[in-house]
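**Student:** Just coords.cif, nothing more (mmCIF, C-alpha atoms):
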data_model
#
loop_
_atom_site.label_atom_id
_atom_site.label_comp_id
_atom_site.auth_asym_id
_atom_site.auth_seq_id
_atom_site.Cartn_x
_atom_site.Cartn_y
_atom_site.Cartn_z
CA MET A 1 20.22 35.33 42.32
CA GLU A 2 23.89 35.32 43.29
CA ARG A 3 23.95 31.49 43.41
CA CYS A 4 22.28 31.34 40.01
CA LEU A 5 24.81 33.74 38.46
CA ALA A 6 27.70 31.79 39.99
CA ARG A 7 26.41 28.58 38.40
CA ILE A 8 25.92 30.30 35.04
CA ALA A 9 29.52 31.56 35.17
CA LEU A 10 30.66 27.90 35.33
CA ILE A 11 28.82 26.85 32.14
CA ARG A 12 31.36 25.39 29.73
CA GLN A 13 30.96 26.21 26.06
CA GLY A 14 32.83 24.32 23.39
CA ASN A 15 32.77 21.57 20.84
CA PRO A 16 29.32 19.93 20.98
CA LEU A 17 30.94 16.51 20.50
CA ASP A 18 32.94 16.93 23.71
CA PRO A 19 31.00 15.35 26.62
CA SER A 20 32.17 18.11 29.00
CA THR A 21 30.56 20.81 26.84
CA MET A 22 27.39 22.23 28.34
CA ILE A 23 26.42 24.64 25.53
CA GLY A 24 27.44 24.35 21.92
CA PRO A 25 27.35 27.02 19.22
CA GLN A 26 24.38 28.73 17.65
CA VAL A 27 23.37 27.60 14.18
CA SER A 28 24.54 30.64 12.19
CA ILE A 29 25.96 34.15 12.28
CA GLN A 30 22.42 35.38 11.62
CA GLN A 31 21.29 33.78 14.87
CA ILE A 32 24.22 35.34 16.75
CA ASP A 33 23.23 38.72 15.32
CA LYS A 34 19.60 38.16 16.32
CA ILE A 35 20.56 37.30 19.90
CA ALA A 36 22.86 40.35 20.10
CA SER A 37 20.08 42.58 18.76
CA TYR A 38 17.74 41.34 21.51
CA ILE A 39 20.37 42.12 24.15
CA ASP A 40 20.57 45.66 22.71
CA ILE A 41 16.76 45.95 22.70
CA GLY A 42 16.64 44.80 26.32
CA ARG A 43 19.27 47.36 27.35
CA GLN A 44 17.45 50.13 25.44
CA GLU A 45 14.23 49.23 27.28
CA GLY A 46 16.03 49.41 30.64
CA ALA A 47 16.99 45.79 31.29
CA GLU A 48 20.07 45.22 33.41
CA CYS A 49 22.53 42.64 32.07
CA LEU A 50 23.55 40.57 35.11
CA ILE A 51 25.94 38.25 33.25
CA GLY A 52 27.02 37.63 29.65
CA GLY A 53 25.55 39.69 26.86
CA ASN A 54 28.30 39.28 24.28
CA ARG A 55 29.53 36.94 21.62
CA ALA A 56 31.74 34.33 23.28
CA GLU A 57 35.30 33.74 22.12
CA ILE A 58 36.03 30.10 22.87
CA GLY A 59 39.45 29.85 21.22
CA GLY A 60 41.24 26.72 20.12
CA GLU A 61 39.46 24.52 17.59
CA CYS A 62 36.25 26.50 18.18
CA ASP A 63 37.82 29.89 17.41
CA GLY A 64 35.44 31.99 15.32
CA GLY A 65 32.51 29.70 16.08
CA TYR A 66 28.96 30.91 16.60
CA TYR A 67 29.08 31.05 20.38
CA PHE A 68 27.17 33.48 22.61
CA GLU A 69 27.70 33.92 26.33
CA PRO A 70 24.94 32.63 28.61
CA THR A 71 23.11 35.83 29.48
CA VAL A 72 20.71 36.97 32.20
CA LEU A 73 18.68 40.15 31.77
CA LYS A 74 16.77 41.62 34.71
CA GLY A 75 13.75 43.73 33.87
CA HIS A 76 9.98 43.62 33.70
CA ASN A 77 7.44 41.56 31.80
CA LYS A 78 6.46 44.27 29.29
CA MET A 79 9.96 44.27 27.73
CA ARG A 80 10.39 42.56 24.37
CA VAL A 81 13.04 40.23 25.82
CA PHE A 82 10.29 38.82 28.04
CA GLN A 83 7.57 38.72 25.39
CA GLU A 84 9.41 37.41 22.33
CA GLU A 85 11.26 34.15 21.74
CA ILE A 86 14.99 34.82 21.43
CA PHE A 87 16.12 31.22 20.78
CA GLY A 88 19.50 31.69 22.39
CA PRO A 89 21.19 31.32 25.77
CA VAL A 90 19.30 34.27 27.27
CA LEU A 91 17.22 34.26 30.44
CA ALA A 92 15.00 37.19 31.34
CA VAL A 93 14.24 37.46 35.07
CA THR A 94 11.87 39.63 37.06
CA THR A 95 10.40 39.79 40.54
CA PHE A 96 6.83 39.36 41.76
CA LYS A 97 4.91 40.43 44.86
CA ASP A 98 2.81 37.36 45.58
CA GLU A 99 1.33 34.21 44.03
CA ALA A 100 -1.35 36.13 42.11
CA ASP A 101 1.25 38.52 40.68
CA ALA A 102 3.46 35.59 39.62
CA ILE A 103 0.54 33.93 37.80
CA GLU A 104 -0.40 37.20 36.11
CA ILE A 105 3.18 37.65 34.87
CA ALA A 106 3.43 34.02 33.70
CA ASN A 107 0.20 34.26 31.71
CA ASP A 108 0.85 37.71 30.22
CA THR A 109 2.25 36.40 26.94
CA LEU A 110 1.07 35.35 23.50
CA TYR A 111 2.75 32.00 24.02
CA GLY A 112 2.06 29.04 26.26
CA LEU A 113 4.09 26.04 25.18
CA GLY A 114 6.03 25.38 28.38
CA ALA A 115 6.63 26.83 31.83
CA GLY A 116 8.60 25.94 34.91
CA VAL A 117 7.85 26.19 38.63
CA TRP A 118 10.40 25.72 41.38
CA THR A 119 9.13 25.38 44.94
CA ARG A 120 9.39 23.14 47.99
CA ASN A 121 5.69 23.64 48.71
CA GLY A 122 3.63 20.88 47.08
CA ASN A 123 0.35 22.78 47.38
CA LEU A 124 1.84 25.86 45.77
CA ALA A 125 3.35 23.74 42.98
CA TYR A 126 -0.07 22.25 42.25
CA ARG A 127 -1.87 25.62 42.26
CA MET A 128 0.74 27.25 40.05
CA GLY A 129 0.80 24.34 37.60
CA ARG A 130 -2.99 24.49 37.25
CA ALA A 131 -3.09 28.30 36.93
CA ILE A 132 -0.30 28.77 34.38
CA LYS A 133 -1.68 28.73 30.83
CA ALA A 134 0.89 26.46 29.25
CA GLY A 135 0.62 23.05 27.65
CA ARG A 136 3.45 21.63 29.73
CA VAL A 137 4.46 22.82 33.19
CA TRP A 138 7.61 21.35 34.69
CA THR A 139 7.86 21.40 38.48
CA ASN A 140 11.33 21.37 40.06
CA CYS A 141 12.79 20.25 36.74
CA TYR A 142 12.91 21.54 33.19
CA HIS A 143 12.94 20.10 29.69
CA LEU A 144 12.17 16.50 30.58
CA TYR A 145 10.37 14.97 27.60
CA PRO A 146 8.91 11.55 28.33
CA ALA A 147 7.96 10.01 25.00
CA GLY A 148 4.37 9.29 25.98
CA ALA A 149 3.63 12.65 27.56
CA ALA A 150 0.98 14.78 25.89
CA PHE A 151 2.29 17.68 23.82
CA GLY A 152 0.61 20.95 22.98
CA GLY A 153 0.51 24.53 24.02
CA TYR A 154 -1.92 27.31 24.78
CA LYS A 155 -2.60 30.42 22.76
CA ILE A 156 -0.36 30.63 19.66
CA SER A 157 2.08 27.93 20.83
CA GLY A 158 1.96 24.24 20.21
CA VAL A 159 2.68 23.44 16.58
CA GLY A 160 3.17 19.70 16.54
CA ARG A 161 0.47 18.72 19.03
CA GLU A 162 -1.30 16.81 16.25
CA ASN A 163 1.58 14.30 16.27
CA HIS A 164 0.72 12.89 19.70
CA GLN A 165 -1.25 9.67 20.11
CA MET A 166 -4.06 11.37 22.06
CA MET A 167 -4.81 13.56 19.02
CA LEU A 168 -5.80 10.49 17.00
CA GLU A 169 -9.03 10.48 19.01
CA HIS A 170 -10.06 13.67 17.22
CA TYR A 171 -9.85 11.85 13.91
CA SER A 172 -11.53 8.65 15.09
CA GLN A 173 -15.03 7.53 15.95
CA THR A 174 -15.53 4.88 18.55
CA LYS A 175 -17.62 1.90 17.56
CA ASN A 176 -18.38 -1.14 19.66
CA LEU A 177 -19.80 -4.24 17.94
CA LEU A 178 -21.42 -6.78 20.26
CA VAL A 179 -21.90 -9.95 18.23
CA SER A 180 -23.24 -13.33 19.15
CA TYR A 181 -22.27 -16.10 16.74
CA SER A 182 -24.77 -18.50 18.21
CA THR A 183 -27.47 -19.78 15.81
CA LYS A 184 -29.94 -20.03 18.71
CA PRO A 185 -32.09 -17.10 19.87
CA LEU A 186 -30.53 -14.96 22.58
CA GLY A 187 -32.64 -13.68 25.46
CA PHE A 188 -35.99 -12.21 24.33
CA PHE A 189 -35.14 -12.32 20.67
#
Take the structure from the file and write it as C-alpha cells.

**Tutor:**
Amino acid sequence: MERCLARIALIRQGNPLDPSTMIGPQVSIQQIDKIASYIDIGRQEGAECLIGGNRAEIGGECDGGYYFEPTVLKGHNKMRVFQEEIFGPVLAVTTFKDEADAIEIANDTLYGLGAGVWTRNGNLAYRMGRAIKAGRVWTNCYHLYPAGAAFGGYKISGVGRENHQMMLEHYSQTKNLLVSYSTKPLGFF
C-alpha cells in the first residue's frame, strides 16, 4: 500500500489541456460537494483516509477550479463508499483472506459494469475473471477500451450495451437462401 500511496502523491492536477496534467477538474461545484460528502460518510462509517480527502487548491490559472485531491479510503465492503458510485478521484480499499473471500467481496454489489484484477498468476487471473460478475474484467490493466470489444454489465449496470454490434443479433433473424438459377432439374427434383 505504501508504494501505491507514494504514486498517488505524485499525481499532477491542473489544466486539462496541459499534456503533463494527470487529473483535471470535476465538472461542477455540486460534484465537488458530492465527493466531499462521500468522504464524510466514509469517515463517519469508520473508513480511514490514507491520502487526500479534501478539495485541492491548484493555484495559478486553475485557482478556484473544481479540483479534488486523489483520495484513498480504507474500510470494509459494507460501507457506502464501497457500495455507491462516487464519480470522483476516490478509491476505496479493503483486505481479503483468500480467493473465495476476494470473489465474495467483488460480487457483493448492485453493480457489475467493470472490474480489475492484478496478479502474476495466470491461472488465478483466469479464475477471478470468470468468477467476478462484471461485464468487463481488466487483468493487469484498467480502462482499456478497444472499439470492437463487447460492452455490457451485470445486475443494474450496463446502460449502453444495446449500442454494440453483437446486440444487433437480438434484433435480427438469420435466413439462408440456397438458390439454383439453372433451368434444368437439380438432383432428384

**Student:** For the file shown, report as a PyMOL selection string the outcome of the PyMOL selection byres ((chain A and resi 135) around 6) at residue level.

**Tutor:** chain A and resi 113-114+134+136+152-154

**Student:** Go through stretch 76-149 of chain A residue by residue and, counting only C-alpha atoms, keep those with an atom at most 7 Å from stretch 24-43 of chain A; for each kept residue give the shortest atom pair and its distance in Å to one decimal, ordered by chain and increasing number, as a tab-separated table.

**Tutor:**
residue	atom	partner	partner_atom	distance
A:Met79	CA	A:Gly42	CA	6.8
A:Arg80	CA	A:Gly42	CA	6.9
A:Val81	CA	A:Gly42	CA	5.8
A:Ile86	CA	A:Ile35	CA	6.3
A:Gly88	CA	A:Ile35	CA	6.2

**Student:** Please return, as a PyMOL selection string, all polymer residues that have at least one atom within 8 Å of the point (30.8, 23.1, 30.9); use all atoms listed in the file and the file's own coordinate frame.

**Tutor:** chain A and resi 10-14+20-23

**Student:** For atom CA of A:Thr139 and atom CA of A:Val117, quote the distance in Å rounded to one decimal.

**Tutor:**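 If I compute the distance from atom CA of A:Thr139 to atom CA of A:Val117, I get 4.8 Å.
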
**Student:** What does the structure give for the distance between atom CA of A:His76 and atom CA of A:Ala47, in Å to one decimal?

**Tutor:**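 Atom-to-atom, atom CA of A:His76 to atom CA of A:Ala47, that is 7.7 Å.
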
**Student:** Missing atoms in stretch 86-97 of chain A: fill them in up to all heavy atoms and send the result as a PDB file, in the coordinates of the input.

**Tutor:**
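The resulting file, part_32.pdb, is reproduced below:
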ATOM      1  N   ILE A  86      13.663  34.443  21.897  1.00  0.00           N
ATOM      2  CA  ILE A  86      14.990  34.820  21.430  1.00  0.00           C
ATOM      3  C   ILE A  86      15.707  33.633  20.795  1.00  0.00           C
ATOM      4  O   ILE A  86      16.496  33.789  19.878  1.00  0.00           O
ATOM      5  CB  ILE A  86      15.812  35.409  22.600  1.00  0.00           C
ATOM      6  CG1 ILE A  86      15.110  36.666  23.123  1.00  0.00           C
ATOM      7  CG2 ILE A  86      17.241  35.717  22.174  1.00  0.00           C
ATOM      8  CD1 ILE A  86      15.702  37.248  24.387  1.00  0.00           C
ATOM      9  N   PHE A  87      15.463  32.441  21.262  1.00  0.00           N
ATOM     10  CA  PHE A  87      16.120  31.220  20.780  1.00  0.00           C
ATOM     11  C   PHE A  87      17.630  31.329  20.883  1.00  0.00           C
ATOM     12  O   PHE A  87      18.367  31.140  19.914  1.00  0.00           O
ATOM     13  CB  PHE A  87      15.677  30.864  19.352  1.00  0.00           C
ATOM     14  CG  PHE A  87      14.236  30.510  19.256  1.00  0.00           C
ATOM     15  CD1 PHE A  87      13.337  31.371  18.657  1.00  0.00           C
ATOM     16  CD2 PHE A  87      13.762  29.328  19.792  1.00  0.00           C
ATOM     17  CE1 PHE A  87      11.996  31.059  18.576  1.00  0.00           C
ATOM     18  CE2 PHE A  87      12.412  28.997  19.722  1.00  0.00           C
ATOM     19  CZ  PHE A  87      11.535  29.874  19.110  1.00  0.00           C
ATOM     20  N   GLY A  88      18.077  31.620  22.084  1.00  0.00           N
ATOM     21  CA  GLY A  88      19.500  31.690  22.390  1.00  0.00           C
ATOM     22  C   GLY A  88      19.683  31.529  23.880  1.00  0.00           C
ATOM     23  O   GLY A  88      18.708  31.445  24.633  1.00  0.00           O
ATOM     24  N   PRO A  89      20.915  31.529  24.345  1.00  0.00           N
ATOM     25  CA  PRO A  89      21.190  31.320  25.770  1.00  0.00           C
ATOM     26  C   PRO A  89      20.933  32.585  26.589  1.00  0.00           C
ATOM     27  O   PRO A  89      21.837  33.158  27.192  1.00  0.00           O
ATOM     28  CB  PRO A  89      22.654  30.902  25.785  1.00  0.00           C
ATOM     29  CG  PRO A  89      23.239  31.618  24.615  1.00  0.00           C
ATOM     30  CD  PRO A  89      22.149  31.618  23.566  1.00  0.00           C
ATOM     31  N   VAL A  90      19.683  33.037  26.592  1.00  0.00           N
ATOM     32  CA  VAL A  90      19.300  34.270  27.270  1.00  0.00           C
ATOM     33  C   VAL A  90      18.127  33.981  28.203  1.00  0.00           C
ATOM     34  O   VAL A  90      17.132  33.399  27.784  1.00  0.00           O
ATOM     35  CB  VAL A  90      18.908  35.377  26.266  1.00  0.00           C
ATOM     36  CG1 VAL A  90      18.520  36.655  26.997  1.00  0.00           C
ATOM     37  CG2 VAL A  90      20.037  35.634  25.281  1.00  0.00           C
ATOM     38  N   LEU A  91      18.270  34.403  29.446  1.00  0.00           N
ATOM     39  CA  LEU A  91      17.220  34.260  30.440  1.00  0.00           C
ATOM     40  C   LEU A  91      16.810  35.645  30.902  1.00  0.00           C
ATOM     41  O   LEU A  91      17.654  36.450  31.284  1.00  0.00           O
ATOM     42  CB  LEU A  91      17.734  33.441  31.633  1.00  0.00           C
ATOM     43  CG  LEU A  91      16.803  33.266  32.821  1.00  0.00           C
ATOM     44  CD1 LEU A  91      15.573  32.452  32.436  1.00  0.00           C
ATOM     45  CD2 LEU A  91      17.547  32.603  33.966  1.00  0.00           C
ATOM     46  N   ALA A  92      15.522  35.931  30.843  1.00  0.00           N
ATOM     47  CA  ALA A  92      15.000  37.190  31.340  1.00  0.00           C
ATOM     48  C   ALA A  92      14.344  36.927  32.688  1.00  0.00           C
ATOM     49  O   ALA A  92      13.491  36.051  32.804  1.00  0.00           O
ATOM     50  CB  ALA A  92      13.991  37.778  30.351  1.00  0.00           C
ATOM     51  N   VAL A  93      14.757  37.665  33.722  1.00  0.00           N
ATOM     52  CA  VAL A  93      14.240  37.460  35.070  1.00  0.00           C
ATOM     53  C   VAL A  93      13.583  38.730  35.589  1.00  0.00           C
ATOM     54  O   VAL A  93      13.982  39.834  35.241  1.00  0.00           O
ATOM     55  CB  VAL A  93      15.337  36.985  36.058  1.00  0.00           C
ATOM     56  CG1 VAL A  93      15.897  35.641  35.643  1.00  0.00           C
ATOM     57  CG2 VAL A  93      16.434  38.014  36.202  1.00  0.00           C
ATOM     58  N   THR A  94      12.568  38.523  36.425  1.00  0.00           N
ATOM     59  CA  THR A  94      11.870  39.630  37.060  1.00  0.00           C
ATOM     60  C   THR A  94      11.454  39.202  38.456  1.00  0.00           C
ATOM     61  O   THR A  94      11.634  38.036  38.838  1.00  0.00           O
ATOM     62  CB  THR A  94      10.661  40.095  36.224  1.00  0.00           C
ATOM     63  OG1 THR A  94      10.183  41.343  36.731  1.00  0.00           O
ATOM     64  CG2 THR A  94       9.549  39.065  36.218  1.00  0.00           C
ATOM     65  N   THR A  95      10.889  40.103  39.198  1.00  0.00           N
ATOM     66  CA  THR A  95      10.400  39.790  40.540  1.00  0.00           C
ATOM     67  C   THR A  95       8.885  39.873  40.551  1.00  0.00           C
ATOM     68  O   THR A  95       8.280  40.436  39.638  1.00  0.00           O
ATOM     69  CB  THR A  95      10.984  40.770  41.583  1.00  0.00           C
ATOM     70  OG1 THR A  95      10.617  42.102  41.202  1.00  0.00           O
ATOM     71  CG2 THR A  95      12.487  40.664  41.665  1.00  0.00           C
ATOM     72  N   PHE A  96       8.276  39.306  41.597  1.00  0.00           N
ATOM     73  CA  PHE A  96       6.830  39.360  41.760  1.00  0.00           C
ATOM     74  C   PHE A  96       6.511  39.573  43.228  1.00  0.00           C
ATOM     75  O   PHE A  96       7.322  39.267  44.105  1.00  0.00           O
ATOM     76  CB  PHE A  96       6.152  38.098  41.217  1.00  0.00           C
ATOM     77  CG  PHE A  96       6.686  36.818  41.793  1.00  0.00           C
ATOM     78  CD1 PHE A  96       6.119  36.265  42.933  1.00  0.00           C
ATOM     79  CD2 PHE A  96       7.750  36.161  41.184  1.00  0.00           C
ATOM     80  CE1 PHE A  96       6.613  35.093  43.473  1.00  0.00           C
ATOM     81  CE2 PHE A  96       8.247  34.985  41.716  1.00  0.00           C
ATOM     82  CZ  PHE A  96       7.678  34.448  42.859  1.00  0.00           C
ATOM     83  N   LYS A  97       5.315  40.096  43.489  1.00  0.00           N
ATOM     84  CA  LYS A  97       4.910  40.430  44.860  1.00  0.00           C
ATOM     85  C   LYS A  97       4.339  39.247  45.615  1.00  0.00           C
ATOM     86  O   LYS A  97       4.618  39.041  46.784  1.00  0.00           O
ATOM     87  CB  LYS A  97       3.885  41.569  44.838  1.00  0.00           C
ATOM     88  CG  LYS A  97       4.423  42.872  44.303  1.00  0.00           C
ATOM     89  CD  LYS A  97       3.317  43.925  44.255  1.00  0.00           C
ATOM     90  CE  LYS A  97       3.773  45.126  43.467  1.00  0.00           C
ATOM     91  NZ  LYS A  97       3.328  45.138  42.106  1.00  0.00           N
TER      92      LYS A  97
END
